[in-house]
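Read the structure below first, then the notes.
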Amino acid sequence: MLRIASAAASHPGLRRDQNEDAYCIRADLGLYLVADGMGGHAAGEVASRLAVDTIESFIERTRQATDLDEWPAYDPAYGIEGNRLRMAFTLANRRLSEAATGDAALRGMATTASAALVGDRSIVIAHVGDSRIYRWRNGALEQLTLDHSWVGDRVRAGILTESDARQHPWRNVVTRALAGGDDPQVDIATLDVQNGDRLLLCSDGLSGVVPQARVEELLSQESSLESTCQALVDAANAAGGPDNITVAILRADVA
Ligand code: CA
């Protein structure tokens with residue numbers, strides 16, 4: 001039996017008027033989701049909110065579905081939870097497309113999405129873009145998602161360091177996003193869960209600003225999940241708060 005405790009915080013940062021990040025925490029659905037919107041004017045806000053709402057309502061609608069494996073889009077490689085997330089992301093992408101078609105001001109809007117869906121014994125994660133999911137286990141922080149970004153490709157190729165990537169003028173360029181158009185390629189993974197594991201979901205307003213060592217230091221402090229979320233937001237703002245910051249933390253208790 002897997003029980004999850006969670007907390008989240010979101011802040012516009014110190015240099016932007018709007019918060020184009022969106023998130024949802026739905027303990028009743030086992031759904032935890034962070035999205036970071038992009039687009040001119042208020043379009044980024046629309047993109048992330050539309051994606052979160054679409055994914056949330058799809059997960060809610062399919063919570064009792066027993067025939068999911070008969071759906072045409074079902075891919076046996078990902079299991080039920082993985083398929084629910086994959087279909088939810090695909091639907092969100094189509095909704096973005098429809099919204100942008102109907103409103104010229106929304107053309108070009110896009111959003112990242114990083115989600116965790118809790119099952120009976122495992123947690124499935126899915127992501128598109130550069131919002132990250134980390135696992136904190138036995139005092140070590142491990143990044144579970146690969147950034148779909150221009151700098152992320154170059155960090156993996158050994159051309160840039162993580163620290164170079166945080167400074168790079170192209171650090172905000174994502175190579176995959178929910179942006180309308182073709183169905184998105186969604187990375188999906190099933191996690192085994194150990195008692196005390198924590199997952200950190202965050203937008204790049206945290207991970208692109210605060211060095212990982214500082215994040216580890218804050219996670220290692222004995223405090224409530226709420227205080228830890230606030231401390232992470234404060235750390236990003238202490239580093240200049242150049243971007244919107246969203247963090248969600250889940251702690252697993254395995255009985
Ligand atoms: Ca961002």
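Labeling convention for the structure tokens: chains A, B, ... as they appear, residues from 1 per chain, ligands from 1 in order of appearance.
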
**Message:** Could you list, as a ChimeraX atom specification, all protein and nucleic acid residues with an atom at most 7 Å from ligand 1, counting only C-alpha atoms and all ligand atoms?
**Reply:** /A:36,203-205,243-244

Grab the residues selected above and save them as a compact mmCIF listing (two decimals), in the first residue's frame with all heavy atoms.
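Output saved as out.txt:
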```txt
# COMPACT_ATOMS: atom_id res chain seq x y z
N ASP A 36 4.87 24.53 -17.66
CA ASP A 36 5.54 25.83 -17.80
C ASP A 36 5.20 26.36 -19.20
O ASP A 36 5.68 25.83 -20.20
CB ASP A 36 7.05 25.57 -17.62
CG ASP A 36 7.92 26.81 -17.85
OD1 ASP A 36 7.40 27.85 -18.29
OD2 ASP A 36 9.13 26.71 -17.58
N SER A 203 9.57 23.50 -12.35
CA SER A 203 9.82 24.20 -13.60
C SER A 203 11.26 24.70 -13.60
O SER A 203 11.95 24.67 -12.57
CB SER A 203 8.83 25.37 -13.77
OG SER A 203 8.98 26.30 -12.72
N ASP A 204 11.73 25.17 -14.76
CA ASP A 204 13.14 25.58 -14.85
C ASP A 204 13.43 26.88 -14.10
O ASP A 204 14.59 27.25 -13.96
CB ASP A 204 13.59 25.66 -16.32
CG ASP A 204 12.92 26.79 -17.09
OD1 ASP A 204 11.86 27.27 -16.65
OD2 ASP A 204 13.45 27.18 -18.14
N GLY A 205 12.40 27.52 -13.59
CA GLY A 205 12.61 28.66 -12.71
C GLY A 205 13.32 28.25 -11.42
O GLY A 205 13.94 29.06 -10.75
N ASP A 243 12.74 33.86 -13.38
CA ASP A 243 11.68 33.16 -14.10
C ASP A 243 10.62 32.75 -13.07
O ASP A 243 10.85 32.80 -11.86
CB ASP A 243 12.30 31.91 -14.77
CG ASP A 243 11.41 31.31 -15.84
OD1 ASP A 243 10.29 31.83 -16.08
OD2 ASP A 243 11.83 30.29 -16.44
N ASN A 244 9.47 32.34 -13.58
CA ASN A 244 8.43 31.79 -12.71
C ASN A 244 8.94 30.48 -12.09
O ASN A 244 9.66 29.73 -12.74
CB ASN A 244 7.16 31.46 -13.51
CG ASN A 244 6.65 32.63 -14.34
OD1 ASN A 244 6.13 32.43 -15.43
ND2 ASN A 244 6.77 33.85 -13.84
```

**Test item: residues at most 9 Å from Met109 (chain A), only C-alpha atoms, excluding those fewer than 5 positions along its chain, as a list in words** = Gly37, Met38, Gly39, Gly40, Ala43, Gly44, Glu45, Val46, Ala47, Leu96, Ala100, Leu178, Ala179 and Gly180 of chain A

**Pick from A:Met1, A:Cys24, A:Ile123, A:Leu225, whichever lies nearest to Asp253 (chain A) using only C-alpha atoms** = A:Met1

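In terms of minimum interatomic distance to Arg49 (chain A), A:Ala110 ranks closest within A:Ala189, A:Ala140, A:Ala110, A:Val128, counting only C-alpha atoms.
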
**Message:** Under the rule that only C-alpha atoms are counted, which of A:Leu117, A:Val215, A:Leu33, A:Ala88 is the nearest residue to Val233 (chain A)?
**Reply:**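 Of all the options, A:Val215 lies closest to Val233 (chain A).
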
**Request:** List every residue of region 9-218 of chain A that DSSP, applied to the backbone, labels as strand (DSSP E), and write the result as a ChimeraX atom specification.
**Result:** /A:9-11,21-26,31-38,110-111,113-118,123-128,132-137,140-143,187-191,198-202

Since we have the selection now, will you write its residues out, keeping C-alpha atoms, as a short mmCIF file (atom, residue, chain, number, x, y, z; two decimals), in the first residue's frame?
```cif
data_model
loop_
_atom_site.label_atom_id
_atom_site.label_comp_id
_atom_site.auth_asym_id
_atom_site.auth_seq_id
_atom_site.Cartn_x
_atom_site.Cartn_y
_atom_site.Cartn_z
CA ALA A 9 4.29 26.25 -4.25
CA SER A 10 4.34 28.58 -7.23
CA HIS A 11 5.68 32.12 -7.48
CA ASP A 21 3.53 28.13 -14.77
CA ALA A 22 0.54 26.06 -13.72
CA TYR A 23 0.27 22.96 -11.58
CA CYS A 24 -2.21 20.58 -10.05
CA ILE A 25 -2.13 18.39 -6.98
CA ARG A 26 -4.97 15.88 -6.98
CA LEU A 31 -2.06 13.05 -10.01
CA TYR A 32 0.73 15.62 -9.60
CA LEU A 33 1.55 17.89 -12.49
CA VAL A 34 3.71 20.91 -13.32
CA ALA A 35 3.48 22.86 -16.61
CA ASP A 36 5.54 25.83 -17.80
CA GLY A 37 3.86 27.86 -20.51
CA MET A 38 5.49 29.81 -23.31
CA ALA A 110 3.26 26.01 -25.97
CA THR A 111 3.85 24.39 -22.62
CA ALA A 113 4.27 19.15 -18.81
CA SER A 114 5.75 16.86 -16.19
CA ALA A 115 3.43 14.53 -14.33
CA ALA A 116 3.43 11.76 -11.74
CA LEU A 117 0.52 9.34 -11.46
CA VAL A 118 0.42 7.15 -8.39
CA ILE A 123 4.45 5.69 -9.65
CA VAL A 124 4.40 6.43 -13.37
CA ILE A 125 6.00 9.63 -14.59
CA ALA A 126 5.57 11.34 -17.95
CA HIS A 127 7.08 14.47 -19.38
CA VAL A 128 7.51 16.67 -22.41
CA ARG A 132 12.07 18.20 -14.30
CA ILE A 133 11.25 15.34 -11.99
CA TYR A 134 13.85 14.30 -9.43
CA ARG A 135 13.88 11.50 -6.91
CA TRP A 136 15.33 12.04 -3.47
CA ARG A 137 16.34 8.73 -1.89
CA ALA A 140 20.82 11.65 -2.86
CA LEU A 141 19.00 13.54 -5.58
CA GLU A 142 18.64 11.90 -8.98
CA GLN A 143 17.16 13.59 -12.05
CA ASP A 187 8.69 10.11 -22.22
CA ILE A 188 7.16 7.65 -19.77
CA ALA A 189 8.78 5.66 -16.97
CA THR A 190 7.49 3.44 -14.19
CA LEU A 191 9.25 3.92 -10.85
CA ARG A 198 10.46 11.88 -2.34
CA LEU A 199 9.76 13.17 -5.83
CA LEU A 200 10.39 16.80 -6.73
CA LEU A 201 8.59 18.20 -9.78
CA CYS A 202 9.72 21.66 -10.83
#
```

**Prompt:** Which polymer residues have any atom within 8 Å of an atom of Cys229 (chain A), counting only C-alpha atoms, with same-chain residues fewer than 2 positions away left out, as a PyMOL selection string?
**Reply:** chain A and resi 7-9+225-227+231-233+247-249

**Asked** Rounded to one decimal in Å, what is the spacing between CA of Asp182 (chain A) and CA of Thr62 (chain A)?
**Response** 23.2 Å

**Request:** Fewer than 2 positions away in the same chain doesn't count, so skip those; otherwise give me all residues within 12 Å of Ala235 (chain A), counting only C-alpha atoms, as a PyMOL selection string.
**Result:** chain A and resi 11+13-14+205-219+228-233+237-242+245+247
